[in-house]
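**Q** This is upload-v4.cif (mmCIF, C-alpha atoms (C1' of nucleotides)).
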```cif
data_protein
loop_
_atom_site.label_atom_id
_atom_site.label_comp_id
_atom_site.auth_asym_id
_atom_site.auth_seq_id
_atom_site.Cartn_x
_atom_site.Cartn_y
_atom_site.Cartn_z
CA MET A 1 97.76 81.38 -10.95
CA ILE A 2 96.84 78.14 -12.69
CA MET A 3 95.14 78.77 -16.02
CA PHE A 4 93.84 76.76 -18.91
CA SER A 5 92.40 77.71 -22.33
CA ILE A 6 90.14 76.10 -24.89
CA ARG A 7 88.41 77.14 -28.10
CA ALA A 8 84.70 76.67 -28.73
CA ASN A 9 81.97 77.62 -31.20
CA ASN A 10 78.36 78.25 -30.19
CA PHE A 11 79.60 79.39 -26.82
CA SER A 12 79.25 82.76 -25.10
CA LEU A 13 79.96 83.34 -21.43
CA GLU A 14 78.00 86.58 -21.55
CA GLN A 15 74.92 84.98 -23.10
CA ILE A 16 74.99 82.07 -20.68
CA ALA A 17 75.30 84.44 -17.73
CA GLU A 18 72.30 86.48 -18.96
CA SER A 19 70.21 83.48 -20.01
CA GLY A 20 68.38 83.12 -16.70
CA GLN A 21 69.12 79.40 -16.33
CA CYS A 22 71.81 79.95 -13.69
CA PHE A 23 71.55 82.38 -10.80
CA ARG A 24 75.05 82.62 -9.36
CA MET A 25 77.16 83.40 -12.43
CA LYS A 26 78.22 87.00 -12.61
CA ALA A 27 80.63 89.27 -14.45
CA SER A 28 83.14 91.62 -12.93
CA ALA A 29 83.98 94.91 -14.58
CA ALA A 30 86.74 93.30 -16.64
CA LYS A 31 84.29 90.81 -18.18
CA VAL A 32 85.71 88.04 -16.06
CA TYR A 33 82.88 85.69 -15.15
CA THR A 34 82.73 83.89 -11.85
CA ILE A 35 80.94 80.57 -12.20
CA ILE A 36 79.80 78.93 -8.98
CA SER A 37 78.34 75.45 -8.54
CA GLY A 38 77.80 73.81 -5.19
CA ASP A 39 81.09 74.31 -3.33
CA ARG A 40 83.23 74.94 -6.43
CA TYR A 41 83.94 78.03 -8.44
CA VAL A 42 86.04 79.03 -11.40
CA LYS A 43 86.72 82.31 -13.16
CA ALA A 44 86.51 82.50 -16.94
CA TYR A 45 87.39 85.05 -19.59
CA GLN A 46 86.41 84.94 -23.24
CA LEU A 47 88.09 86.54 -26.25
CA TYR A 48 86.23 85.57 -29.44
CA ASP A 49 86.24 81.77 -29.47
CA GLN A 50 88.97 81.38 -26.86
CA ILE A 51 87.96 80.82 -23.26
CA THR A 52 90.48 80.91 -20.43
CA PHE A 53 89.70 79.31 -17.08
CA SER A 54 91.36 79.89 -13.71
CA CYS A 55 91.76 76.17 -13.13
CA SER A 56 93.86 73.22 -14.18
CA TYR A 57 93.22 71.04 -17.21
CA LYS A 58 92.22 68.23 -14.87
CA GLU A 59 89.67 70.34 -13.02
CA TYR A 60 88.22 71.47 -16.34
CA GLU A 61 87.99 67.91 -17.64
CA ASP A 62 86.61 66.56 -14.38
CA TYR A 63 83.88 69.11 -13.85
CA TRP A 64 83.56 72.38 -15.79
CA LYS A 65 83.64 70.89 -19.27
CA LYS A 66 80.51 68.91 -18.57
CA TYR A 67 78.94 71.70 -16.49
CA LEU A 68 79.30 74.12 -19.40
CA ASP A 69 78.07 71.51 -21.90
CA LEU A 70 81.35 71.74 -23.79
CA ASP A 71 81.28 67.96 -24.27
CA SER A 72 78.18 68.29 -26.48
CA ASP A 73 79.47 70.23 -29.50
CA ALA A 74 77.77 67.78 -31.87
CA ASP A 75 74.35 68.63 -30.44
CA TYR A 76 74.82 72.30 -31.23
CA ILE A 77 75.93 71.53 -34.77
CA ALA A 78 72.82 69.38 -35.17
CA ILE A 79 70.46 72.01 -33.83
CA ASP A 80 72.03 74.65 -36.05
CA LYS A 81 71.10 72.51 -39.06
CA LEU A 82 67.64 71.80 -37.71
CA ILE A 83 66.86 75.50 -37.23
CA ASN A 84 68.33 76.54 -40.58
CA LYS A 85 66.30 74.03 -42.54
CA SER A 86 63.05 74.98 -40.79
CA ASN A 87 60.89 77.90 -41.95
CA ASP A 88 60.30 79.30 -38.48
CA GLU A 89 61.37 82.92 -38.73
CA TYR A 90 60.95 83.66 -35.02
CA ILE A 91 63.20 80.78 -33.98
CA LYS A 92 65.76 81.81 -36.59
CA LYS A 93 65.86 85.33 -35.16
CA ALA A 94 66.06 84.02 -31.59
CA TYR A 95 68.86 81.65 -32.56
CA ALA A 96 70.82 84.38 -34.37
CA PHE A 97 70.52 86.48 -31.22
CA GLY A 98 71.56 83.86 -28.66
CA SER A 99 73.45 81.13 -30.49
CA GLY A 100 76.17 81.17 -27.82
CA ILE A 101 73.88 79.74 -25.17
CA ARG A 102 74.60 76.27 -23.83
CA ILE A 103 72.34 74.27 -21.57
CA LEU A 104 74.32 73.98 -18.37
CA LYS A 105 74.52 70.77 -16.39
CA GLN A 106 74.04 72.24 -12.94
CA ASP A 107 73.88 70.61 -9.53
CA THR A 108 70.57 68.78 -9.07
CA TRP A 109 69.98 69.65 -5.43
CA GLU A 110 70.92 73.29 -6.04
CA MET A 111 68.48 73.51 -8.96
CA ILE A 112 65.63 71.96 -6.98
CA ILE A 113 65.98 74.69 -4.36
CA SER A 114 66.66 77.47 -6.88
CA TYR A 115 63.68 76.74 -9.11
CA ILE A 116 61.26 76.37 -6.21
CA ILE A 117 62.36 79.89 -5.23
CA SER A 118 61.91 81.04 -8.84
CA GLN A 119 58.15 80.49 -8.94
CA ASN A 120 56.11 83.66 -9.41
CA ASN A 121 59.33 85.62 -8.91
CA ASN A 122 61.69 87.72 -11.00
CA ILE A 123 65.29 86.92 -11.86
CA PRO A 124 67.06 89.73 -9.92
CA ARG A 125 65.13 88.84 -6.78
CA ILE A 126 65.73 85.10 -7.27
CA LYS A 127 69.46 85.82 -7.44
CA LYS A 128 69.35 87.95 -4.31
CA THR A 129 67.43 85.33 -2.35
CA ILE A 130 69.80 82.52 -3.37
CA GLU A 131 72.76 84.69 -2.42
CA LYS A 132 71.20 85.28 1.02
CA ILE A 133 70.72 81.54 1.49
CA CYS A 134 74.34 80.85 0.58
CA ARG A 135 75.57 83.50 3.01
CA LYS A 136 73.28 82.28 5.78
CA TYR A 137 73.88 78.54 5.49
CA GLY A 138 76.82 78.08 3.11
CA ARG A 139 80.54 77.94 3.70
CA LEU A 140 83.02 80.68 2.81
CA ILE A 141 84.97 79.10 -0.05
CA SER A 142 86.92 82.19 -1.12
CA GLU A 143 87.74 84.97 1.25
CA LYS A 144 89.47 86.97 -1.47
CA ASP A 145 86.49 86.87 -3.82
CA ASP A 146 83.85 86.76 -1.07
CA ILE A 147 82.20 83.60 -2.38
CA TYR A 148 80.02 81.25 -0.34
CA SER A 149 79.12 77.68 -1.29
CA PHE A 150 75.58 76.60 -1.96
CA PRO A 151 74.69 74.81 1.29
CA THR A 152 74.15 71.06 1.35
CA PRO A 153 70.83 69.81 2.82
CA ASP A 154 72.32 69.14 6.25
CA MET A 155 73.73 72.67 6.42
CA ILE A 156 70.23 74.16 6.30
CA ASP A 157 68.09 74.49 9.41
CA GLU A 158 64.56 74.29 7.98
CA ASN A 159 63.13 76.08 10.98
CA THR A 160 64.94 79.30 10.08
CA LEU A 161 63.79 79.43 6.44
CA GLU A 162 60.83 81.60 7.42
CA ASP A 163 63.10 84.31 8.82
CA ASP A 164 62.10 87.66 7.34
CA GLU A 165 65.64 88.36 6.11
CA LEU A 166 65.30 85.67 3.45
CA GLY A 167 61.99 87.03 2.16
CA LEU A 168 60.90 83.64 0.86
CA GLY A 169 57.22 84.24 1.52
CA TYR A 170 55.00 81.22 0.95
CA ARG A 171 57.87 79.39 -0.74
CA ALA A 172 59.54 78.77 2.65
CA GLU A 173 57.10 75.93 3.36
CA TYR A 174 57.82 74.28 0.01
CA LEU A 175 61.56 74.37 0.72
CA LYS A 176 61.01 73.05 4.23
CA ASN A 177 59.13 70.03 2.89
CA ILE A 178 61.60 69.04 0.18
CA ILE A 179 64.65 69.61 2.40
CA SER A 180 63.20 67.42 5.15
CA TYR A 181 62.38 64.77 2.57
CA ILE A 182 65.88 64.79 1.11
CA LYS A 183 67.44 64.61 4.58
CA GLU A 184 65.37 61.49 5.24
CA HIS A 185 66.08 60.06 1.77
CA PRO A 186 69.74 60.78 1.00
CA GLU A 187 69.56 58.59 -2.11
CA TYR A 188 66.82 60.72 -3.65
CA ILE A 189 69.07 62.97 -5.75
CA THR A 190 70.97 60.03 -7.23
CA THR A 191 67.72 58.24 -8.03
CA LEU A 192 66.49 61.32 -9.89
CA GLU A 193 69.72 61.56 -11.84
CA LEU A 194 69.40 57.95 -12.98
CA ALA A 195 65.71 58.20 -13.90
CA SER A 196 64.26 58.76 -17.37
CA TYR A 197 62.88 62.19 -18.21
CA GLU A 198 59.28 61.02 -17.81
CA LYS A 199 59.90 59.44 -14.42
CA ALA A 200 61.93 62.39 -13.18
CA VAL A 201 59.19 64.90 -14.07
CA GLU A 202 56.48 62.83 -12.43
CA ASN A 203 58.53 62.22 -9.32
CA LEU A 204 59.45 65.89 -8.93
CA LYS A 205 55.83 66.98 -9.38
CA GLY A 206 54.89 64.80 -6.43
CA HIS A 207 56.48 67.31 -4.07
CA LYS A 208 54.69 70.41 -2.81
CA GLY A 209 55.74 73.53 -4.64
CA ILE A 210 57.01 71.68 -7.71
CA GLY A 211 54.64 71.79 -10.67
CA PRO A 212 55.07 71.27 -14.42
CA LYS A 213 57.24 74.33 -15.00
CA VAL A 214 59.66 73.93 -12.08
CA SER A 215 60.04 70.18 -12.67
CA ASN A 216 60.85 70.75 -16.33
CA CYS A 217 63.43 73.39 -15.42
CA ILE A 218 65.13 70.94 -13.07
CA CYS A 219 65.06 68.29 -15.80
CA LEU A 220 66.56 70.69 -18.33
CA PHE A 221 69.12 72.64 -16.31
CA ALA A 222 70.33 69.91 -13.93
CA LEU A 223 69.41 66.47 -15.24
CA HIS A 224 70.21 67.61 -18.78
CA HIS A 225 67.07 66.22 -20.40
CA THR A 226 67.24 68.56 -23.39
CA GLY A 227 63.87 67.28 -24.57
CA ALA A 228 62.20 69.12 -21.67
CA PHE A 229 60.31 72.31 -22.61
CA PRO A 230 59.49 74.46 -19.54
CA ILE A 231 56.62 76.86 -20.19
CA ASP A 232 56.79 80.04 -18.13
CA THR A 233 55.29 83.52 -18.51
CA HIS A 234 57.83 84.53 -21.18
CA ILE A 235 57.28 81.44 -23.32
CA LYS A 236 53.51 81.88 -23.00
CA LYS A 237 53.85 85.50 -24.11
CA ILE A 238 56.05 84.52 -27.07
CA ILE A 239 53.63 81.85 -28.24
CA ALA A 240 50.63 84.17 -27.88
CA ALA A 241 52.35 86.92 -29.86
CA ASN A 242 54.01 84.87 -32.60
CA TYR A 243 52.18 81.57 -32.99
CA PRO A 244 48.42 82.12 -33.38
CA ASP A 245 47.96 78.41 -34.14
CA GLY A 246 50.12 77.25 -31.25
CA PHE A 247 53.79 76.26 -31.10
CA ASP A 248 54.84 72.68 -31.82
CA SER A 249 58.00 72.27 -29.74
CA GLY A 250 58.00 68.60 -30.72
CA TYR A 251 59.49 69.53 -34.08
CA TYR A 252 62.78 70.02 -32.26
CA GLY A 253 62.53 66.67 -30.49
CA ASP A 254 65.33 66.06 -28.03
CA TYR A 255 66.61 69.59 -28.67
CA GLN A 256 63.44 71.48 -27.79
CA GLY A 257 64.88 72.48 -24.42
CA ILE A 258 67.74 74.25 -26.18
CA VAL A 259 65.27 76.01 -28.49
CA GLN A 260 63.25 77.02 -25.44
CA GLN A 261 66.35 78.71 -24.08
CA TYR A 262 66.94 80.65 -27.33
CA MET A 263 63.32 81.85 -27.17
CA PHE A 264 63.56 82.81 -23.50
CA TYR A 265 66.86 84.64 -23.88
CA TYR A 266 65.65 86.53 -26.96
CA ASP A 267 62.50 87.67 -25.19
CA LEU A 268 64.37 88.61 -22.02
CA ASN A 269 67.27 90.54 -23.55
CA ASN A 270 66.10 91.90 -26.90
CA VAL A 271 64.34 94.93 -25.46
CA GLN A 272 64.08 97.30 -28.42
CA GLU A 273 61.65 96.40 -31.21
CA GLU A 274 58.79 94.09 -30.07
CA ASP A 275 55.66 95.46 -28.38
CA GLU A 276 53.72 96.58 -31.37
CA GLU A 277 50.14 95.45 -31.96
"C1'" DC B 1 48.19 103.13 -6.25
"C1'" DT B 2 48.56 98.92 -9.47
"C1'" DC B 3 51.07 95.48 -12.05
"C1'" DC B 4 54.38 91.95 -12.63
"C1'" DA B 5 57.85 88.25 -11.82
"C1'" DG B 6 61.32 81.42 -15.15
"C1'" DG B 7 53.96 79.11 -10.83
"C1'" DG B 8 51.53 76.07 -7.90
"C1'" DC B 9 47.73 74.80 -4.92
"C1'" DA B 10 43.14 74.17 -3.40
"C1'" DG B 11 38.64 74.30 -4.58
"C1'" DC B 12 35.58 74.12 -7.54
"C1'" DG B 13 32.62 72.33 -12.11
"C1'" DC C 1 40.61 66.51 -16.44
"C1'" DG C 2 40.43 72.30 -17.03
"C1'" DC C 3 39.53 76.65 -14.93
"C1'" DT C 4 39.91 80.42 -11.22
"C1'" DG C 5 41.32 83.00 -7.06
"C1'" DC C 6 44.73 83.24 -3.99
"C1'" DC C 7 49.24 83.05 -2.38
"C1'" DA C 8 54.29 86.54 0.08
"C1'" DT C 9 57.58 89.67 -1.50
"C1'" DG C 10 59.77 93.63 -3.62
"C1'" DG C 11 60.76 96.45 -7.63
"C1'" DA C 12 58.90 99.36 -11.43
#
```
Before we go any further, please render this structure as structure tokens.
**A**
Amino acid sequence: MIMFSIRANNFSLEQIAESGQCFRMKASAAKVYTIISGDRYVKAYQLYDQITFSCSYKEYEDYWKKYLDLDSDADYIAIDKLINKSNDEYIKKAYAFGSGIRILKQDTWEMIISYIISQNNNIPRIKKTIEKICRKYGRLISEKDDIYSFPTPDMIDENTLEDDELGLGYRAEYLKNIISYIKEHPEYITTLELASYEKAVENLKGHKGIGPKVSNCICLFALHHTGAFPIDTHIKKIIAANYPDGFDSGYYGDYQGIVQQYMFYYDLNNVQEEDEE
DNA sequence: CTCCAGGGCAGCG
DNA sequence: CGCTGCCATGGA
């Protein structure tokens, strides 16, 4: 098998997989993570700061390096300094807990669909629904590992999205609308990727089923606008419990999206303590 | 049984 | 503008 290794700080496959920003990354019993994006996949294994990938150096350089945000080490050094010099004890705890998180650069089309599904939904069910969509419309890309691609727009028949097996509920109509729109405007995704953060958010919000939260998630996890700060139920809960005078995400400027992810991950995975008051 | 989940929309004022 | 009730689905 072709393999390739790198070393990295501020990087944890486990934390990224459990961070809730990606829905198709999963670990096998041997702590080997399968990372899937569009019609590609790679397996990765981490021992301390060494990460080994089941792909060639070229494939890593061409795609996975950027996908995993491993070309942005300087940003994570900068945010480490920014958090350490602040006096925000909650953020310091959240950062200490999840400092191996990176903001992935995921496929734009895949994130549009995934985050529309995510609304008023929970992570395990979001993952199941996306898996069903891939099996229903996607292509078998690994028989050995039983992996299906995320379908492209033309692989999806909008008229079957309401099938009970998918369990999309009222979200089926939202998907139908955006998929039809993208089929009629093939340049849409590229236009989004070239747009500024402000224009991308506004444009995304113009579609049914995409509001402030979903649009900011797409901006953060696909378009890599790390100044985006999606506010969901967890972030609201964190702010209510820890910031009686409100939370000024602007302090972290272009890195506030990364801070948001530390907060989210800490709230999601640090289950002991908390819940007093 | 109720409550909740990476919210958004329509319909108000 | 901001606020409120409703929206499908499934797991706890």
**Q** With all atoms listed in the file counted, which protein, DNA or RNA residues have an atom no more than 12 Å from (50.6, 98.5, -9.2) in the file frame? Please answer as a list of chain:residue names.
**A**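 Within 12 Å of (50.6, 98.5, -9.2), the protein and nucleic acid residues are B:DC1, B:DT2, B:DC3, B:DC4, C:DG10, C:DG11, C:DA12.
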**Q** As a PyMOL selection string, could you give me every residue of chain C near chain A (at most 7 Å apart, counting only C-alpha atoms (C1' of nucleotides))?
**A** chain C and resi 7-9
**Q** Might you spell out which residues the PyMOL selection byres ((chain A and resi 225) around 9) would select in the displayed file, as a list of chain:residue names?
**A**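 Residues picked by the PyMOL selection byres ((chain A and resi 225) around 9): A:Ser196, A:Tyr197, A:Asn216, A:Ile218, A:Cys219, A:Leu220, A:Phe221, A:Ala222, A:Leu223, A:His224, A:Thr226, A:Gly227, A:Ala228, A:Asp254, A:Tyr255, A:Gly257.
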**Q** With a cut-off of 12 Å and counting all atoms listed in the file, select all residues of chain A in contact with chain B and give the selection as a PyMOL selection string.
**A** chain A and resi 19-23+114-126+170-171+174+205-218+221+229-236+260-261+264-265+267-268
**Q** So that I have them on file, write out the residues from the current selection with C-alpha atoms, as a PDB file, keeping the file's coordinate frame.
**A**
```pdb
ATOM      1  CA  SER A  19      70.210  83.480 -20.010  1.00  0.00           C
ATOM      2  CA  GLY A  20      68.380  83.120 -16.700  1.00  0.00           C
ATOM      3  CA  GLN A  21      69.120  79.400 -16.330  1.00  0.00           C
ATOM      4  CA  CYS A  22      71.810  79.950 -13.690  1.00  0.00           C
ATOM      5  CA  PHE A  23      71.550  82.380 -10.800  1.00  0.00           C
ATOM      6  CA  SER A 114      66.660  77.470  -6.880  1.00  0.00           C
ATOM      7  CA  TYR A 115      63.680  76.740  -9.110  1.00  0.00           C
ATOM      8  CA  ILE A 116      61.260  76.370  -6.210  1.00  0.00           C
ATOM      9  CA  ILE A 117      62.360  79.890  -5.230  1.00  0.00           C
ATOM     10  CA  SER A 118      61.910  81.040  -8.840  1.00  0.00           C
ATOM     11  CA  GLN A 119      58.150  80.490  -8.940  1.00  0.00           C
ATOM     12  CA  ASN A 120      56.110  83.660  -9.410  1.00  0.00           C
ATOM     13  CA  ASN A 121      59.330  85.620  -8.910  1.00  0.00           C
ATOM     14  CA  ASN A 122      61.690  87.720 -11.000  1.00  0.00           C
ATOM     15  CA  ILE A 123      65.290  86.920 -11.860  1.00  0.00           C
ATOM     16  CA  PRO A 124      67.060  89.730  -9.920  1.00  0.00           C
ATOM     17  CA  ARG A 125      65.130  88.840  -6.780  1.00  0.00           C
ATOM     18  CA  ILE A 126      65.730  85.100  -7.270  1.00  0.00           C
ATOM     19  CA  TYR A 170      55.000  81.220   0.950  1.00  0.00           C
ATOM     20  CA  ARG A 171      57.870  79.390  -0.740  1.00  0.00           C
ATOM     21  CA  TYR A 174      57.820  74.280   0.010  1.00  0.00           C
ATOM     22  CA  LYS A 205      55.830  66.980  -9.380  1.00  0.00           C
ATOM     23  CA  GLY A 206      54.890  64.800  -6.430  1.00  0.00           C
ATOM     24  CA  HIS A 207      56.480  67.310  -4.070  1.00  0.00           C
ATOM     25  CA  LYS A 208      54.690  70.410  -2.810  1.00  0.00           C
ATOM     26  CA  GLY A 209      55.740  73.530  -4.640  1.00  0.00           C
ATOM     27  CA  ILE A 210      57.010  71.680  -7.710  1.00  0.00           C
ATOM     28  CA  GLY A 211      54.640  71.790 -10.670  1.00  0.00           C
ATOM     29  CA  PRO A 212      55.070  71.270 -14.420  1.00  0.00           C
ATOM     30  CA  LYS A 213      57.240  74.330 -15.000  1.00  0.00           C
ATOM     31  CA  VAL A 214      59.660  73.930 -12.080  1.00  0.00           C
ATOM     32  CA  SER A 215      60.040  70.180 -12.670  1.00  0.00           C
ATOM     33  CA  ASN A 216      60.850  70.750 -16.330  1.00  0.00           C
ATOM     34  CA  CYS A 217      63.430  73.390 -15.420  1.00  0.00           C
ATOM     35  CA  ILE A 218      65.130  70.940 -13.070  1.00  0.00           C
ATOM     36  CA  PHE A 221      69.120  72.640 -16.310  1.00  0.00           C
ATOM     37  CA  PHE A 229      60.310  72.310 -22.610  1.00  0.00           C
ATOM     38  CA  PRO A 230      59.490  74.460 -19.540  1.00  0.00           C
ATOM     39  CA  ILE A 231      56.620  76.860 -20.190  1.00  0.00           C
ATOM     40  CA  ASP A 232      56.790  80.040 -18.130  1.00  0.00           C
ATOM     41  CA  THR A 233      55.290  83.520 -18.510  1.00  0.00           C
ATOM     42  CA  HIS A 234      57.830  84.530 -21.180  1.00  0.00           C
ATOM     43  CA  ILE A 235      57.280  81.440 -23.320  1.00  0.00           C
ATOM     44  CA  LYS A 236      53.510  81.880 -23.000  1.00  0.00           C
ATOM     45  CA  GLN A 260      63.250  77.020 -25.440  1.00  0.00           C
ATOM     46  CA  GLN A 261      66.350  78.710 -24.080  1.00  0.00           C
ATOM     47  CA  PHE A 264      63.560  82.810 -23.500  1.00  0.00           C
ATOM     48  CA  TYR A 265      66.860  84.640 -23.880  1.00  0.00           C
ATOM     49  CA  ASP A 267      62.500  87.670 -25.190  1.00  0.00           C
ATOM     50  CA  LEU A 268      64.370  88.610 -22.020  1.00  0.00           C
TER      51      LEU A 268
END
```
**Q** Could you list, as a list in words, every residue matched by the PyMOL selection byres ((chain A and resi 141-148) around 10) in this structure?
**A**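 Applying the PyMOL selection byres ((chain A and resi 141-148) around 10) to the structure shown produces Thr34, Ile36, Gly38, Asp39, Arg40, Tyr41, Glu131, Lys132, Ile133, Cys134, Arg135, Lys136, Tyr137, Gly138, Arg139, Leu140, Ser149, Phe150 and Pro151 of chain A.
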**Q** Kindly give the distance, in Å, that separates CA of Ala27 (chain A) and CA of Leu47 (chain A), rounded to a single decimal.
**A**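 Interatomic distance, CA of Ala27 (chain A) to CA of Leu47 (chain A): 14.2 Å.
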**Q** Report as a PyMOL selection string the residues that result from applying the PyMOL selection byres ((chain A and resi 102) around 7) to the structure here.
**A** chain A and resi 11+16+68-69+100-101+103-104
**Q** Using only C-alpha atoms (C1' of nucleotides), which residues sit within 12 Å of Thr191 (chain A) once same-chain residues fewer than 2 positions away are excluded, as a list of chain:residue names?
**A**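 The residues satisfying every condition are A:Thr108, A:Trp109, A:Ile182, A:His185, A:Pro186, A:Glu187, A:Tyr188, A:Ile189, A:Glu193, A:Leu194, A:Ala195, A:Ser196, A:Tyr197, A:Lys199, A:Ala200, A:Asn203, A:Leu204, A:Leu223.
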**Q** Using only C-alpha atoms (C1' of nucleotides), which protein or nucleic acid residues come within 10 Å of Asn269 (chain A)? Drop anything in the same chain fewer than 6 positions from it, and give the result as a tab-separated table (two decimals) with C-alpha atoms, in the frame of the given file.
**A**
```tsv
chain	number	residue	atom	x	y	z
A	15	GLN	CA	74.92	84.98	-23.10
A	18	GLU	CA	72.30	86.48	-18.96
A	19	SER	CA	70.21	83.48	-20.01
A	97	PHE	CA	70.52	86.48	-31.22
A	98	GLY	CA	71.56	83.86	-28.66
```
**Q** What separation in Å, quoted to one decimal, exists between CA of Leu161 (chain A) and CA of Ile112 (chain A)?
**A**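 We find that CA of Leu161 (chain A) and CA of Ile112 (chain A) lie 15.5 Å from each other.
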